[in-house]
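Text of protein-v3.cif, listed as mmCIF, C-alpha atoms and all ligand atoms; chains and numbers go by the auth columns:
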```
data_input
#
loop_
_atom_site.group_PDB
_atom_site.id
_atom_site.type_symbol
_atom_site.label_atom_id
_atom_site.label_comp_id
_atom_site.label_asym_id
_atom_site.label_seq_id
_atom_site.Cartn_x
_atom_site.Cartn_y
_atom_site.Cartn_z
_atom_site.B_iso_or_equiv
_atom_site.auth_seq_id
_atom_site.auth_asym_id
ATOM 1 C CA MET A 1 0.000 0.000 0.000 0.00 1203 A
ATOM 2 C CA GLN A 2 1.289 3.470 -0.858 0.00 1204 A
ATOM 3 C CA VAL A 3 0.138 7.074 -0.619 0.00 1205 A
ATOM 4 C CA ARG A 4 1.876 10.140 -2.015 0.00 1206 A
ATOM 5 C CA ILE A 5 2.567 13.114 0.212 0.00 1207 A
ATOM 6 C CA ASN A 6 3.929 16.032 -1.808 0.00 1208 A
ATOM 7 C CA ASP A 7 6.729 14.420 -3.852 0.00 1209 A
ATOM 8 C CA ALA A 8 7.332 11.632 -1.384 0.00 1210 A
ATOM 9 C CA ALA A 9 5.925 8.126 -1.087 0.00 1211 A
ATOM 10 C CA LEU A 10 4.645 6.672 2.159 0.00 1212 A
ATOM 11 C CA GLN A 11 4.551 2.884 1.870 0.00 1213 A
ATOM 12 C CA LEU A 12 3.414 -0.088 3.926 0.00 1214 A
ATOM 13 C CA HIS A 13 5.072 -3.468 3.357 0.00 1215 A
ATOM 14 C CA GLN A 14 4.843 -6.709 5.246 0.00 1216 A
ATOM 15 C CA GLY A 15 8.176 -8.449 5.887 0.00 1217 A
ATOM 16 C CA ASP A 16 11.547 -8.514 7.567 0.00 1218 A
ATOM 17 C CA ILE A 17 13.173 -5.099 7.799 0.00 1219 A
ATOM 18 C CA THR A 18 16.719 -6.489 7.898 0.00 1220 A
ATOM 19 C CA ALA A 19 16.417 -7.388 4.195 0.00 1221 A
ATOM 20 C CA GLU A 20 15.433 -3.870 3.113 0.00 1222 A
ATOM 21 C CA GLU A 21 17.511 -2.155 0.453 0.00 1223 A
ATOM 22 C CA VAL A 22 16.977 1.437 1.485 0.00 1224 A
ATOM 23 C CA ASP A 23 19.556 3.975 2.650 0.00 1225 A
ATOM 24 C CA ALA A 24 18.550 3.661 6.292 0.00 1226 A
ATOM 25 C CA ILE A 25 16.669 1.124 8.371 0.00 1227 A
ATOM 26 C CA VAL A 26 15.420 2.018 11.809 0.00 1228 A
ATOM 27 C CA ASN A 27 16.056 -0.179 14.828 0.00 1229 A
ATOM 28 C CA ALA A 28 13.653 -0.394 17.790 0.00 1230 A
ATOM 29 C CA ALA A 29 16.418 0.062 20.353 0.00 1231 A
ATOM 30 C CA ASN A 30 16.492 0.542 24.121 0.00 1232 A
ATOM 31 C CA SER A 31 17.964 3.618 25.787 0.00 1233 A
ATOM 32 C CA ARG A 32 21.179 1.825 26.741 0.00 1234 A
ATOM 33 C CA LEU A 33 21.643 0.775 23.100 0.00 1235 A
ATOM 34 C CA ALA A 34 22.448 -2.594 24.628 0.00 1236 A
ATOM 35 C CA GLY A 35 20.810 -4.813 22.013 0.00 1237 A
ATOM 36 C CA GLY A 36 18.001 -7.214 22.840 0.00 1238 A
ATOM 37 C CA GLY A 37 15.306 -9.295 21.167 0.00 1239 A
ATOM 38 C CA GLY A 38 12.777 -8.478 18.455 0.00 1240 A
ATOM 39 C CA VAL A 39 13.908 -6.346 15.575 0.00 1241 A
ATOM 40 C CA ASP A 40 16.947 -5.145 17.569 0.00 1242 A
ATOM 41 C CA GLY A 41 18.279 -8.696 17.879 0.00 1243 A
ATOM 42 C CA ALA A 42 17.619 -9.376 14.198 0.00 1244 A
ATOM 43 C CA ILE A 43 19.429 -6.222 13.040 0.00 1245 A
ATOM 44 C CA HIS A 44 22.525 -6.867 15.149 0.00 1246 A
ATOM 45 C CA ARG A 45 22.644 -10.545 14.109 0.00 1247 A
ATOM 46 C CA ARG A 46 22.441 -9.775 10.433 0.00 1248 A
ATOM 47 C CA GLY A 47 24.418 -6.517 10.537 0.00 1249 A
ATOM 48 C CA GLY A 48 27.349 -7.945 12.509 0.00 1250 A
ATOM 49 C CA SER A 49 29.227 -6.812 15.598 0.00 1251 A
ATOM 50 C CA GLY A 50 30.550 -3.603 14.035 0.00 1252 A
ATOM 51 C CA ILE A 51 27.206 -1.880 14.647 0.00 1253 A
ATOM 52 C CA MET A 52 27.377 -2.433 18.414 0.00 1254 A
ATOM 53 C CA GLN A 53 31.041 -1.406 18.435 0.00 1255 A
ATOM 54 C CA GLU A 54 30.045 1.858 16.792 0.00 1256 A
ATOM 55 C CA THR A 55 27.183 2.602 19.204 0.00 1257 A
ATOM 56 C CA ASN A 56 29.512 1.860 22.143 0.00 1258 A
ATOM 57 C CA THR A 57 32.169 4.213 20.812 0.00 1259 A
ATOM 58 C CA ARG A 58 30.006 7.052 19.570 0.00 1260 A
ATOM 59 C CA TYR A 59 27.119 6.941 22.055 0.00 1261 A
ATOM 60 C CA PRO A 60 28.500 5.550 25.333 0.00 1262 A
ATOM 61 C CA GLU A 61 25.689 7.220 27.286 0.00 1263 A
ATOM 62 C CA GLY A 62 23.040 5.555 25.120 0.00 1264 A
ATOM 63 C CA CYS A 63 20.088 7.479 23.716 0.00 1265 A
ATOM 64 C CA PRO A 64 17.140 8.993 25.599 0.00 1266 A
ATOM 65 C CA THR A 65 13.611 7.691 25.069 0.00 1267 A
ATOM 66 C CA GLY A 66 11.956 9.693 22.287 0.00 1268 A
ATOM 67 C CA SER A 67 15.214 10.237 20.410 0.00 1269 A
ATOM 68 C CA ALA A 68 17.467 8.407 17.931 0.00 1270 A
ATOM 69 C CA VAL A 69 21.120 8.054 16.897 0.00 1271 A
ATOM 70 C CA ILE A 70 22.726 6.853 13.670 0.00 1272 A
ATOM 71 C CA THR A 71 25.464 4.343 12.820 0.00 1273 A
ATOM 72 C CA GLY A 72 26.695 2.589 9.707 0.00 1274 A
ATOM 73 C CA GLY A 73 24.816 -0.464 8.475 0.00 1275 A
ATOM 74 C CA GLY A 74 27.572 -3.077 8.907 0.00 1276 A
ATOM 75 C CA ASN A 75 26.800 -6.122 6.756 0.00 1277 A
ATOM 76 C CA LEU A 76 23.243 -5.022 5.973 0.00 1278 A
ATOM 77 C CA SER A 77 22.170 -3.761 2.559 0.00 1279 A
ATOM 78 C CA ALA A 78 21.212 -0.486 4.214 0.00 1280 A
ATOM 79 C CA LYS A 79 23.977 2.094 4.484 0.00 1281 A
ATOM 80 C CA TYR A 80 22.829 3.280 7.902 0.00 1282 A
ATOM 81 C CA VAL A 81 20.986 2.015 10.947 0.00 1283 A
ATOM 82 C CA ILE A 82 19.050 4.630 12.888 0.00 1284 A
ATOM 83 C CA HIS A 83 18.596 3.437 16.473 0.00 1285 A
ATOM 84 C CA ALA A 84 15.327 4.908 17.743 0.00 1286 A
ATOM 85 C CA VAL A 85 14.131 4.544 21.311 0.00 1287 A
ATOM 86 C CA GLY A 86 10.381 4.389 21.726 0.00 1288 A
ATOM 87 C CA PRO A 87 8.643 4.446 25.105 0.00 1289 A
ATOM 88 C CA VAL A 88 7.509 1.478 27.146 0.00 1290 A
ATOM 89 C CA TRP A 89 3.685 1.567 27.270 0.00 1291 A
ATOM 90 C CA SER A 90 2.453 2.135 30.789 0.00 1292 A
ATOM 91 C CA GLY A 91 -1.211 2.989 30.350 0.00 1293 A
ATOM 92 C CA GLY A 92 -1.023 6.046 28.118 0.00 1294 A
ATOM 93 C CA ASN A 93 -0.785 8.837 30.695 0.00 1295 A
ATOM 94 C CA ARG A 94 2.978 9.118 30.791 0.00 1296 A
ATOM 95 C CA GLY A 95 3.502 10.962 27.539 0.00 1297 A
ATOM 96 C CA GLU A 96 3.919 7.727 25.591 0.00 1298 A
ATOM 97 C CA ALA A 97 2.280 9.004 22.393 0.00 1299 A
ATOM 98 C CA GLU A 98 4.422 12.158 22.303 0.00 1300 A
ATOM 99 C CA LEU A 99 7.599 10.198 23.047 0.00 1301 A
ATOM 100 C CA LEU A 100 6.786 7.748 20.266 0.00 1302 A
ATOM 101 C CA ALA A 101 6.105 10.599 17.818 0.00 1303 A
ATOM 102 C CA SER A 102 9.375 12.217 18.833 0.00 1304 A
ATOM 103 C CA ALA A 103 11.349 9.000 18.183 0.00 1305 A
ATOM 104 C CA TYR A 104 9.891 8.877 14.648 0.00 1306 A
ATOM 105 C CA ARG A 105 10.528 12.594 14.039 0.00 1307 A
ATOM 106 C CA ARG A 106 14.156 12.446 15.162 0.00 1308 A
ATOM 107 C CA SER A 107 14.727 9.395 12.940 0.00 1309 A
ATOM 108 C CA LEU A 108 13.296 11.243 9.942 0.00 1310 A
ATOM 109 C CA GLU A 109 15.471 14.282 10.712 0.00 1311 A
ATOM 110 C CA LEU A 110 18.583 12.086 10.901 0.00 1312 A
ATOM 111 C CA ALA A 111 17.677 10.517 7.559 0.00 1313 A
ATOM 112 C CA VAL A 112 17.377 13.930 5.909 0.00 1314 A
ATOM 113 C CA GLU A 113 20.591 15.211 7.554 0.00 1315 A
ATOM 114 C CA ASN A 114 22.423 12.179 6.135 0.00 1316 A
ATOM 115 C CA ASP A 115 20.963 12.524 2.614 0.00 1317 A
ATOM 116 C CA CYS A 116 18.943 9.322 2.798 0.00 1318 A
ATOM 117 C CA HIS A 117 16.424 9.001 -0.016 0.00 1319 A
ATOM 118 C CA GLY A 118 14.701 6.037 1.567 0.00 1320 A
ATOM 119 C CA ILE A 119 14.093 5.010 5.164 0.00 1321 A
ATOM 120 C CA ALA A 120 12.365 1.909 6.521 0.00 1322 A
ATOM 121 C CA PHE A 121 10.752 1.738 9.958 0.00 1323 A
ATOM 122 C CA PRO A 122 9.475 -1.167 12.021 0.00 1324 A
ATOM 123 C CA ALA A 123 6.490 -0.584 14.347 0.00 1325 A
ATOM 124 C CA LEU A 124 8.487 1.075 17.150 0.00 1326 A
ATOM 125 C CA SER A 125 7.310 0.157 20.687 0.00 1327 A
ATOM 126 C CA ALA A 126 4.630 -2.223 19.372 0.00 1328 A
ATOM 127 C CA GLY A 127 6.404 -5.427 20.494 0.00 1329 A
ATOM 128 C CA ALA A 128 8.250 -5.892 23.792 0.00 1330 A
ATOM 129 C CA TYR A 129 7.330 -2.326 24.792 0.00 1331 A
ATOM 130 C CA ARG A 130 3.589 -3.227 24.501 0.00 1332 A
ATOM 131 C CA PHE A 131 2.278 -0.030 22.896 0.00 1333 A
ATOM 132 C CA PRO A 132 -1.229 -0.924 21.618 0.00 1334 A
ATOM 133 C CA VAL A 133 -0.752 -1.521 17.927 0.00 1335 A
ATOM 134 C CA ASP A 134 -3.698 0.565 16.665 0.00 1336 A
ATOM 135 C CA ARG A 135 -2.505 3.583 18.582 0.00 1337 A
ATOM 136 C CA ALA A 136 1.130 2.938 17.668 0.00 1338 A
ATOM 137 C CA ALA A 137 0.088 2.856 14.002 0.00 1339 A
ATOM 138 C CA ARG A 138 -1.795 6.170 14.230 0.00 1340 A
ATOM 139 C CA VAL A 139 1.120 7.895 15.955 0.00 1341 A
ATOM 140 C CA ALA A 140 3.670 6.474 13.505 0.00 1342 A
ATOM 141 C CA LEU A 141 1.735 7.399 10.387 0.00 1343 A
ATOM 142 C CA SER A 142 0.475 10.810 11.488 0.00 1344 A
ATOM 143 C CA THR A 143 4.040 11.772 12.453 0.00 1345 A
ATOM 144 C CA ALA A 144 5.430 10.618 9.100 0.00 1346 A
ATOM 145 C CA ILE A 145 2.650 12.401 7.179 0.00 1347 A
ATOM 146 C CA GLU A 146 3.190 15.643 9.072 0.00 1348 A
ATOM 147 C CA PHE A 147 6.957 15.433 8.541 0.00 1349 A
ATOM 148 C CA LEU A 148 6.583 14.808 4.802 0.00 1350 A
ATOM 149 C CA ARG A 149 4.070 17.631 4.436 0.00 1351 A
ATOM 150 C CA SER A 150 6.552 20.047 6.067 0.00 1352 A
ATOM 151 C CA ASN A 151 9.821 18.738 4.614 0.00 1353 A
ATOM 152 C CA GLY A 152 8.988 16.827 1.418 0.00 1354 A
ATOM 153 C CA ARG A 153 11.769 14.335 2.231 0.00 1355 A
ATOM 154 C CA PRO A 154 12.893 11.528 2.572 0.00 1356 A
ATOM 155 C CA GLU A 155 11.505 10.520 -0.835 0.00 1357 A
ATOM 156 C CA VAL A 156 10.484 7.080 0.386 0.00 1358 A
ATOM 157 C CA VAL A 157 9.246 6.408 3.908 0.00 1359 A
ATOM 158 C CA ARG A 158 8.420 2.724 4.260 0.00 1360 A
ATOM 159 C CA PHE A 159 6.933 0.893 7.211 0.00 1361 A
ATOM 160 C CA VAL A 160 7.980 -2.754 7.175 0.00 1362 A
ATOM 161 C CA LEU A 161 5.515 -4.651 9.338 0.00 1363 A
ATOM 162 C CA PHE A 162 6.450 -8.082 10.557 0.00 1364 A
ATOM 163 C CA THR A 163 3.028 -9.733 10.844 0.00 1365 A
ATOM 164 C CA GLU A 164 -0.234 -9.619 8.974 0.00 1366 A
ATOM 165 C CA GLY A 165 -1.977 -8.286 12.095 0.00 1367 A
ATOM 166 C CA ILE A 166 0.348 -5.328 12.437 0.00 1368 A
ATOM 167 C CA TYR A 167 0.227 -4.664 8.713 0.00 1369 A
ATOM 168 C CA GLY A 168 -3.582 -4.624 8.940 0.00 1370 A
ATOM 169 C CA ALA A 169 -3.529 -2.128 11.806 0.00 1371 A
ATOM 170 C CA PHE A 170 -1.224 0.194 9.848 0.00 1372 A
ATOM 171 C CA ALA A 171 -3.314 -0.147 6.683 0.00 1373 A
ATOM 172 C CA ALA A 172 -6.495 0.766 8.574 0.00 1374 A
ATOM 173 C CA ALA A 173 -4.819 3.745 10.226 0.00 1375 A
ATOM 174 C CA LEU A 174 -3.398 4.988 6.925 0.00 1376 A
ATOM 175 C CA GLU A 175 -6.803 4.700 5.320 0.00 1377 A
ATOM 176 C CA GLU A 176 -8.355 6.696 8.150 0.00 1378 A
ATOM 177 C CA LEU A 177 -5.657 9.387 8.161 0.00 1379 A
ATOM 178 C CA THR A 178 -5.653 9.962 4.413 0.00 1380 A
ATOM 179 C CA SER A 179 -9.315 9.495 3.506 0.00 1381 A
ATOM 180 C CA GLY A 180 -10.458 12.689 1.869 0.00 1382 A
ATOM 181 C CA ASP A 181 -6.933 13.467 0.565 0.00 1383 A
ATOM 182 C CA ALA A 182 -6.454 13.922 -3.152 0.00 1384 A
ATOM 183 C CA GLY A 183 -3.884 11.120 -3.220 0.00 1385 A
HETATM 184 N N1 LIG B . 11.429 -6.844 10.803 0.00 1401 A
HETATM 185 C C1 LIG B . 10.398 -6.000 11.036 0.00 1401 A
HETATM 186 N N2 LIG B . 9.726 -5.957 12.202 0.00 1401 A
HETATM 187 C C2 LIG B . 10.101 -6.823 13.163 0.00 1401 A
HETATM 188 C C3 LIG B . 11.170 -7.739 13.024 0.00 1401 A
HETATM 189 C C4 LIG B . 11.856 -7.734 11.766 0.00 1401 A
HETATM 190 N N3 LIG B . 12.896 -8.548 11.515 0.00 1401 A
HETATM 191 N N4 LIG B . 11.269 -8.443 14.176 0.00 1401 A
HETATM 192 C C5 LIG B . 10.304 -8.001 15.013 0.00 1401 A
HETATM 193 N N5 LIG B . 9.592 -7.036 14.403 0.00 1401 A
HETATM 194 P P1 LIG B . 10.198 -5.009 19.252 0.00 1401 A
HETATM 195 P P2 LIG B . 9.853 -2.550 20.868 0.00 1401 A
HETATM 196 C C6 LIG B . 8.453 -6.238 14.897 0.00 1401 A
HETATM 197 O O1 LIG B . 9.891 -5.877 20.409 0.00 1401 A
HETATM 198 O O2 LIG B . 8.463 -2.908 21.204 0.00 1401 A
HETATM 199 C C7 LIG B . 14.181 -5.150 22.206 0.00 1401 A
HETATM 200 O O3 LIG B . 14.619 -6.107 23.123 0.00 1401 A
HETATM 201 C C8 LIG B . 7.633 -6.772 16.022 0.00 1401 A
HETATM 202 O O4 LIG B . 6.669 -7.705 15.525 0.00 1401 A
HETATM 203 O O5 LIG B . 11.313 -5.392 18.347 0.00 1401 A
HETATM 204 O O6 LIG B . 10.158 -1.146 20.464 0.00 1401 A
HETATM 205 C C9 LIG B . 14.975 -3.857 22.302 0.00 1401 A
HETATM 206 O O7 LIG B . 16.327 -4.100 22.666 0.00 1401 A
HETATM 207 C C10 LIG B . 6.952 -5.496 16.530 0.00 1401 A
HETATM 208 O O8 LIG B . 5.812 -5.202 15.740 0.00 1401 A
HETATM 209 O O9 LIG B . 10.518 -3.465 19.720 0.00 1401 A
HETATM 210 C C11 LIG B . 14.243 -3.076 23.338 0.00 1401 A
HETATM 211 O O10 LIG B . 14.680 -3.425 24.649 0.00 1401 A
HETATM 212 C C12 LIG B . 7.984 -4.405 16.242 0.00 1401 A
HETATM 213 O O11 LIG B . 8.955 -5.012 15.390 0.00 1401 A
HETATM 214 C C13 LIG B . 12.817 -3.490 23.157 0.00 1401 A
HETATM 215 O O12 LIG B . 12.845 -4.782 22.549 0.00 1401 A
HETATM 216 C C14 LIG B . 8.658 -3.845 17.468 0.00 1401 A
HETATM 217 O O13 LIG B . 8.866 -4.881 18.399 0.00 1401 A
HETATM 218 C C15 LIG B . 12.077 -2.551 22.215 0.00 1401 A
HETATM 219 O O14 LIG B . 10.731 -2.919 22.151 0.00 1401 A
#
```

In structure tokens, write the structure found in this file.
Amino acid sequence: MQVRINDAALQLHQGDITAEEVDAIVNAANSRLAGGGGVDGAIHRRGGSGIMQETNTRYPEGCPTGSAVITGGGNLSAKYVIHAVGPVWSGGNRGEAELLASAYRRSLELAVENDCHGIAFPALSAGAYRFPVDRAARVALSTAIEFLRSNGRPEVVRFVLFTEGIYGAFAAALEELTSGDAG
């Protein structure tokens, strides 16, 4: 599924983000940048140990929740990995939605600053961090749409959703957010 926002494309794919051939893939990291399970484990396994060496050297203090940092892509097809730290869901009254939006925004800014034409995101916080997937989808997509409307870049913003269920939630949210748009 794809919608156009200005000159950019916002796309939804189902699959494994580690195989993506875009300039930057986004990792759902933790604030210590310590690695873990889920998409984080998959990226470090496939990308090799150089990625963790780089985060340790360049970002020894880690990365605050709601922000992101960038490294090279190691053995991945992607040139860069952007390590974004989404919030742990704890009921919705602790600024989780704003922190999640901020993690997406900072990732998009880093992509533009590093001349990335394409960026691929997983559903940040929607796994181990338990953010309800429908809400996570609305936050993710509305943040990307707003960013593309203001900046027109990156040219391709792709969400790579691991399961059919999560893909379905993103598709429904995208439909809802763009219904009434010219295209
Ligand atoms: N490609 C795309 N999406 C994936 C992949 C993959 N290869 N593998 C899992 N997902 P999670 P979080 C989906 O738990 O909730 C880690 O331990 C998954 O189905 O990876 O932000 C970190 O170190 C889900 O929809 O990230 C942190 O400690 C989405 O990616 C913590 O988990 C996010 O799930 C971060 O938790």

Carefully work through the PyMOL selection byres (((not hetatm)) within 6 of (chain A and resi 1401)) for this structure and note down the residues it includes, as number ranges by chain. A: 1218-1220, 1230-1232, 1237-1242, 1244, 1288, 1324-1332, 1362-1364

Expand the PyMOL selection byres (((chain A and resi 1276) around 12) and not hetatm) into the explicit residue set it covers here, and present it as a PDB file with C-alpha atoms, in the coordinates of the input.
```pdb
ATOM      1  CA  THR A1220      16.719  -6.489   7.898  1.00  0.00           C
ATOM      2  CA  ALA A1226      18.550   3.661   6.292  1.00  0.00           C
ATOM      3  CA  ILE A1227      16.669   1.124   8.371  1.00  0.00           C
ATOM      4  CA  ILE A1245      19.429  -6.222  13.040  1.00  0.00           C
ATOM      5  CA  HIS A1246      22.525  -6.867  15.149  1.00  0.00           C
ATOM      6  CA  ARG A1247      22.644 -10.545  14.109  1.00  0.00           C
ATOM      7  CA  ARG A1248      22.441  -9.775  10.433  1.00  0.00           C
ATOM      8  CA  GLY A1249      24.418  -6.517  10.537  1.00  0.00           C
ATOM      9  CA  GLY A1250      27.349  -7.945  12.509  1.00  0.00           C
ATOM     10  CA  SER A1251      29.227  -6.812  15.598  1.00  0.00           C
ATOM     11  CA  GLY A1252      30.550  -3.603  14.035  1.00  0.00           C
ATOM     12  CA  ILE A1253      27.206  -1.880  14.647  1.00  0.00           C
ATOM     13  CA  MET A1254      27.377  -2.433  18.414  1.00  0.00           C
ATOM     14  CA  GLN A1255      31.041  -1.406  18.435  1.00  0.00           C
ATOM     15  CA  GLU A1256      30.045   1.858  16.792  1.00  0.00           C
ATOM     16  CA  THR A1257      27.183   2.602  19.204  1.00  0.00           C
ATOM     17  CA  THR A1273      25.464   4.343  12.820  1.00  0.00           C
ATOM     18  CA  GLY A1274      26.695   2.589   9.707  1.00  0.00           C
ATOM     19  CA  GLY A1275      24.816  -0.464   8.475  1.00  0.00           C
ATOM     20  CA  ASN A1277      26.800  -6.122   6.756  1.00  0.00           C
ATOM     21  CA  LEU A1278      23.243  -5.022   5.973  1.00  0.00           C
ATOM     22  CA  SER A1279      22.170  -3.761   2.559  1.00  0.00           C
ATOM     23  CA  ALA A1280      21.212  -0.486   4.214  1.00  0.00           C
ATOM     24  CA  LYS A1281      23.977   2.094   4.484  1.00  0.00           C
ATOM     25  CA  TYR A1282      22.829   3.280   7.902  1.00  0.00           C
ATOM     26  CA  VAL A1283      20.986   2.015  10.947  1.00  0.00           C
TER      27      VAL A1283
END
```

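Considering the residues A:Met1203, A:Leu1379, A:Val1359, A:Ile1368 and counting only C-alpha atoms, Val1314 of chain A has its shortest atom-to-atom contact with A:Val1359.
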
Quick check on the file I pasted: which residues fall under the PyMOL selection byres (((chain A and resi 1380) around 12) and not hetatm)? Write them as a PyMOL selection string. chain A and resi 1204-1207+1212+1340+1343-1344+1347-1348+1373-1379+1381-1385

Can you tell me how far atom CA of Gly1370 of chain A sits from atom CA of Leu1312 of chain A, in Å to one decimal?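 Atom CA of Leu1312 of chain A lies at a distance of 27.8 Å from atom CA of Gly1370 of chain A.
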
What's around Asn1353 of chain A at 12 Å? Count all atoms listed in the file, leave out sequence neighbours fewer than 3 positions away in its own chain, and write the answer as a PyMOL selection string. chain A and resi 1207-1210+1307+1310-1311+1313-1315+1345-1350+1356-1357

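Across the model, the gap from atom CA of Tyr1369 of chain A to atom CA of Leu1302 of chain A is 18.2 Å.
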
Using Å and a single decimal, report how far atom CA of Val1287 of chain A sits from atom CA of Gly1243 of chain A.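 Separation of atom CA of Gly1243 of chain A and atom CA of Val1287 of chain A: 14.3 Å.
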
Take segment 1298-1322 of chain A, model N, CA and C atoms, and hand the result over as a short mmCIF file (atom, residue, chain, number, x, y, z; two decimals), keeping the file's coordinate frame.
```
data_model
loop_
_atom_site.label_atom_id
_atom_site.label_comp_id
_atom_site.auth_asym_id
_atom_site.auth_seq_id
_atom_site.Cartn_x
_atom_site.Cartn_y
_atom_site.Cartn_z
N GLU A 1298 3.43 8.75 26.52
CA GLU A 1298 3.92 7.73 25.59
C GLU A 1298 3.72 8.12 24.13
N ALA A 1299 2.54 8.68 23.81
CA ALA A 1299 2.28 9.00 22.39
C ALA A 1299 3.26 10.07 21.91
N GLU A 1300 3.50 11.09 22.72
CA GLU A 1300 4.42 12.16 22.30
C GLU A 1300 5.85 11.64 22.19
N LEU A 1301 6.24 10.76 23.12
CA LEU A 1301 7.60 10.20 23.05
C LEU A 1301 7.76 9.33 21.80
N LEU A 1302 6.71 8.59 21.47
CA LEU A 1302 6.79 7.75 20.27
C LEU A 1302 6.88 8.62 19.02
N ALA A 1303 6.05 9.67 18.96
CA ALA A 1303 6.10 10.60 17.82
C ALA A 1303 7.50 11.22 17.70
N SER A 1304 8.07 11.58 18.83
CA SER A 1304 9.38 12.22 18.83
C SER A 1304 10.48 11.27 18.35
N ALA A 1305 10.37 9.98 18.68
CA ALA A 1305 11.35 9.00 18.18
C ALA A 1305 11.27 8.89 16.66
N TYR A 1306 10.05 8.90 16.12
CA TYR A 1306 9.89 8.88 14.65
C TYR A 1306 10.43 10.15 14.01
N ARG A 1307 10.08 11.31 14.61
CA ARG A 1307 10.53 12.59 14.04
C ARG A 1307 12.05 12.70 14.00
N ARG A 1308 12.68 12.35 15.11
CA ARG A 1308 14.16 12.45 15.16
C ARG A 1308 14.80 11.50 14.13
N SER A 1309 14.20 10.33 13.94
CA SER A 1309 14.73 9.40 12.94
C SER A 1309 14.62 9.99 11.54
N LEU A 1310 13.49 10.63 11.26
CA LEU A 1310 13.30 11.24 9.94
C LEU A 1310 14.28 12.40 9.75
N GLU A 1311 14.49 13.19 10.80
CA GLU A 1311 15.47 14.28 10.71
C GLU A 1311 16.87 13.74 10.42
N LEU A 1312 17.25 12.67 11.13
CA LEU A 1312 18.58 12.09 10.90
C LEU A 1312 18.71 11.57 9.47
N ALA A 1313 17.64 11.00 8.94
CA ALA A 1313 17.68 10.52 7.56
C ALA A 1313 17.92 11.68 6.60
N VAL A 1314 17.22 12.77 6.80
CA VAL A 1314 17.38 13.93 5.91
C VAL A 1314 18.78 14.51 6.06
N GLU A 1315 19.25 14.65 7.31
CA GLU A 1315 20.59 15.21 7.55
C GLU A 1315 21.68 14.38 6.89
N ASN A 1316 21.43 13.07 6.73
CA ASN A 1316 22.42 12.18 6.14
C ASN A 1316 22.11 11.83 4.68
N ASP A 1317 21.27 12.67 4.05
CA ASP A 1317 20.96 12.52 2.61
C ASP A 1317 20.39 11.17 2.24
N CYS A 1318 19.58 10.59 3.12
CA CYS A 1318 18.94 9.32 2.80
C CYS A 1318 17.71 9.59 1.94
N HIS A 1319 17.62 8.89 0.82
CA HIS A 1319 16.42 9.00 -0.02
C HIS A 1319 15.31 8.11 0.51
N GLY A 1320 15.70 6.98 1.06
CA GLY A 1320 14.70 6.04 1.57
C GLY A 1320 15.01 5.61 2.98
N ILE A 1321 13.95 5.48 3.77
CA ILE A 1321 14.09 5.01 5.16
C ILE A 1321 13.01 3.97 5.42
N ALA A 1322 13.35 2.93 6.17
CA ALA A 1322 12.36 1.91 6.52
C ALA A 1322 12.27 1.81 8.04
#
```
